[in-house]
Amino acid sequence: MPTVAPLDIDGHCLAAVFLNDIPFFAFADGAVHRLDHGHKTVRANDGLLCTALDAAANRLITAGEDGKVFSVKADGTVEELASAGRKWITSVAAGPQGAVGYGAGRNAFVRFADGKVKEFAHPRSVEGIAFAPKGMRIAVARYNGATLHFPATDGKPTELEWAGAHTGATFSPDSAFLVTTMQENALHGWKLADGKHMRMLGYPAKVKSLSWSTKGKWLASSGAPAAIVWPFQGKDGPMGKAPLELGTRGDAMVTCVACHPSEEVVAIGYDDGMVLASRFADQKEVLLRRPGKGAVTALMWDGEGRRIVFGTATGDCGVIDIAG
């Protein structure tokens with residue numbers, strides 16, 4: 001059985017990540033806890049709403065109710081990167097070459113590594129923001145679709161339309177597809193080469209967590225009593241194909257998913273605090289953590305795929321060592 005090193009903190013954990021192999025836990029009150037030869041705490045935002053892991057720069061980007069964007073580094077250093085005045089920053093993303101994107105009200109912003117900021121106005125509020133893995137391009141999730149911008153140029157944006165409220169966005173690792181979470185219980189996708197639509201329906205709840213598998217062949221998602229894993233191997237993505245359903249439980253909903261860094265395995269967190277891992281090929285399951293307090297809200301593997309950090313809505317956090 002894997003071993004669990006618990007950390008019990010009062011509050012709602014929004015992000016659990018590894019920075020330089022050090023576990024970090026970011027909470028809704030703006031406190032960021034790290035387990036580095038003991039439990040240490042730094043403060044970032046006054047009221048944290050969203051976070052993004054910048055793996056390339058080994059930092060966690062945080063933003064929130066105070067209208068500020070911070071970076072928290074592996075050594076615990078906190079730096080203010082940007083401010084949107086009195087507006088809440090409700091979405092944030094880490095991009096290539098040290099760029100950071102964030103959304104406040106109807107505007108999306110990209111801050112480049114040199115500190116310059118570019119602003120993109122939209123007719124409706126910016127609900128989610130994501131960078132493409134290749135090239136300097138951002139997607140903004142909005143009402144009735146998504147908008148693609150190229151922040152380094154003054155080119156015209158690309159509008160991807162689909163009726164309904166789109167709340168978040170993610171590019172596939174090869175930048176061929178864009179997938180959005182929706183206010184309804186569904187995902188929507190576009191094949192960017194030709195604008196073809198992909199509808200991913202049938203969820204009993206809203207999808208709040210997405211994770212791409214190591215080579216981008218699969219997209220795992222929450223929002224059902226199993227992890228719903230869509231196939232993206234073909235040139236048209238999951239169109240006309242059924243998803244895998246991994247870790248099915250009759251009495252609990254999947255609230256968080258995290259794909260393994262090198263193998264086709266997904267860690268699955270549930271609304272009762274349980275965590276298990278499931279392999280795509282044969283659906284074999286391993287229990288990683290028994291049910292606890294609160295829904296799992298954050299999961300991440302370390303670079304070697306041996307440890308997992310997790311956080312819950314009640315502050316029940318910890319590190320799972322698969323090797324035991």
# chains A, B, ... in the order shown; residues from 1 in each chain; ligands from 1
$ residues_around --residues "range 47-58 of chain A" --least-positions-apart "2" --cutoff "9 Å" --atoms "only C-alpha atoms" --output "number ranges by chain"
A: 14-15, 17-20, 26-31, 44-45, 60-66, 72-74, 88-98, 100
$ closest_residue --among "A:Thr167, A:Ser221, A:Gln283, A:Gln233" --to "Met182 in chain A" --atoms "only C-alpha atoms"
A:Thr167
$ closest_residue --among "A:Met253, A:Ala130, A:Ala227, A:Ala220" --to "Thr180 in chain A" --atoms "only C-alpha atoms"
A:Ala130
$ residues_around --residues "range 109-123 of chain A" --least-positions-apart "2" --cutoff "9 Å" --atoms "only C-alpha atoms" --output "number ranges by chain"
A: 81-82, 97-104, 106-107, 125-126, 138, 142, 147, 149, 151-152
$ closest_residue --among "A:Arg43, A:Lys293, A:Lys87, A:Lys217" --to "Phe70 in chain A" --atoms "only C-alpha atoms"
A:Arg43
$ residues_around --residues "Ser213 in chain A" --least-positions-apart "3" --cutoff "8 Å" --atoms "only C-alpha atoms" --output "PyMOL selection string"
chain A and resi 216-220+259-261+263-266
$ atom_distance --atom1 "CA of Gly292 in chain A" --atom2 "CA of Asp8 in chain A"
11.2 Å
$ residues_around --residues "Glu245 in chain A" --least-positions-apart "4" --cutoff "7 Å" --atoms "only C-alpha atoms" --output "number ranges by chain"
A: 226-229
$ residues_around --residues "Ala313 in chain A" --least-positions-apart "5" --cutoff "10 Å" --atoms "only C-alpha atoms" --output "list in words"
Asp10, Gly11, His12, Cys13, Leu14, Phe27, Ala28, Asp271, Gly273, Lys293, Gly294, Ala295, Val296, Thr297 and Ala298 of chain A
$ write_last_selection --atoms "N, CA and C atoms" --output "compact mmCIF listing (two decimals), in the first residue's frame"
# COMPACT_ATOMS: atom_id res chain seq x y z
N ASP A 10 -6.48 24.25 7.89
CA ASP A 10 -7.86 24.71 7.85
C ASP A 10 -8.06 25.56 6.59
N GLY A 11 -9.01 25.19 5.74
CA GLY A 11 -9.28 26.00 4.56
C GLY A 11 -9.41 25.17 3.30
N HIS A 12 -9.57 25.86 2.18
CA HIS A 12 -9.83 25.21 0.88
C HIS A 12 -8.55 25.23 0.06
N CYS A 13 -8.06 24.05 -0.30
CA CYS A 13 -6.83 23.95 -1.11
C CYS A 13 -7.18 24.08 -2.59
N LEU A 14 -6.60 25.09 -3.25
CA LEU A 14 -6.86 25.32 -4.67
C LEU A 14 -5.84 24.64 -5.57
N PHE A 27 -3.77 27.95 -0.87
CA PHE A 27 -5.10 27.97 -0.27
C PHE A 27 -5.87 29.23 -0.65
N ALA A 28 -7.20 29.13 -0.53
CA ALA A 28 -8.10 30.22 -0.95
C ALA A 28 -7.84 31.52 -0.19
N ASP A 271 -15.03 12.97 -4.60
CA ASP A 271 -15.65 13.94 -3.70
C ASP A 271 -15.67 13.49 -2.24
N GLY A 273 -12.81 12.28 -0.91
CA GLY A 273 -11.42 12.34 -0.51
C GLY A 273 -10.56 11.16 -0.94
N LYS A 293 -11.61 13.60 4.58
CA LYS A 293 -12.52 14.75 4.72
C LYS A 293 -12.45 15.60 3.45
N GLY A 294 -13.59 15.88 2.84
CA GLY A 294 -13.64 16.85 1.75
C GLY A 294 -13.27 16.29 0.39
N ALA A 295 -13.81 16.94 -0.65
CA ALA A 295 -13.55 16.54 -2.03
C ALA A 295 -12.11 16.87 -2.43
N VAL A 296 -11.52 16.00 -3.24
CA VAL A 296 -10.16 16.27 -3.75
C VAL A 296 -10.25 17.39 -4.78
N THR A 297 -9.49 18.47 -4.54
CA THR A 297 -9.54 19.65 -5.42
C THR A 297 -8.24 19.86 -6.18
N ALA A 298 -7.17 19.14 -5.81
CA ALA A 298 -5.88 19.34 -6.47
C ALA A 298 -5.07 18.04 -6.42
$ atom_distance --atom1 "CA of Asp174 in chain A" --atom2 "CA of His188 in chain A"
17.6 Å
$ select_by_dssp --residues "range 149-250 of chain A" --states "strand (DSSP E or B)" --output "PyMOL selection string"
chain A and resi 149+158-171+177-182+187-191+196-200+210-212+218-221+227-231+244-246
$ residues_around --residues "Gly76 in chain A" --least-positions-apart "3" --cutoff "10 Å" --atoms "only C-alpha atoms" --output "PyMOL selection string"
chain A and resi 19+24+32-34+36+40-43+59+71-73+79
$ write_last_selection --atoms "C-alpha atoms" --output "tab-separated table (two decimals), in the first residue's frame"
chain	number	residue	atom	x	y	z
A	19	LEU	CA	8.34	22.86	-7.41
A	24	PHE	CA	3.44	23.23	-2.30
A	32	VAL	CA	0.99	29.01	0.25
A	33	HIS	CA	2.32	26.15	2.37
A	34	ARG	CA	5.44	24.18	1.53
A	36	ASP	CA	10.66	21.79	2.81
A	40	LYS	CA	6.72	26.69	6.02
A	41	THR	CA	4.18	29.29	4.89
A	42	VAL	CA	4.35	32.37	2.65
A	43	ARG	CA	1.55	34.72	1.66
A	59	ARG	CA	7.10	28.52	-10.09
A	71	SER	CA	4.81	34.15	-8.66
A	72	VAL	CA	5.87	31.76	-5.89
A	73	LYS	CA	9.22	30.07	-6.49
A	79	GLU	CA	7.10	38.29	-6.40
$ atom_distance --atom1 "CA of Gly223 in chain A" --atom2 "CA of Ala186 in chain A"
8.9 Å
$ closest_residue --among "A:Pro23, A:Gly234, A:Pro204, A:Pro157" --to "Lys191 in chain A" --atoms "only C-alpha atoms"
A:Gly234
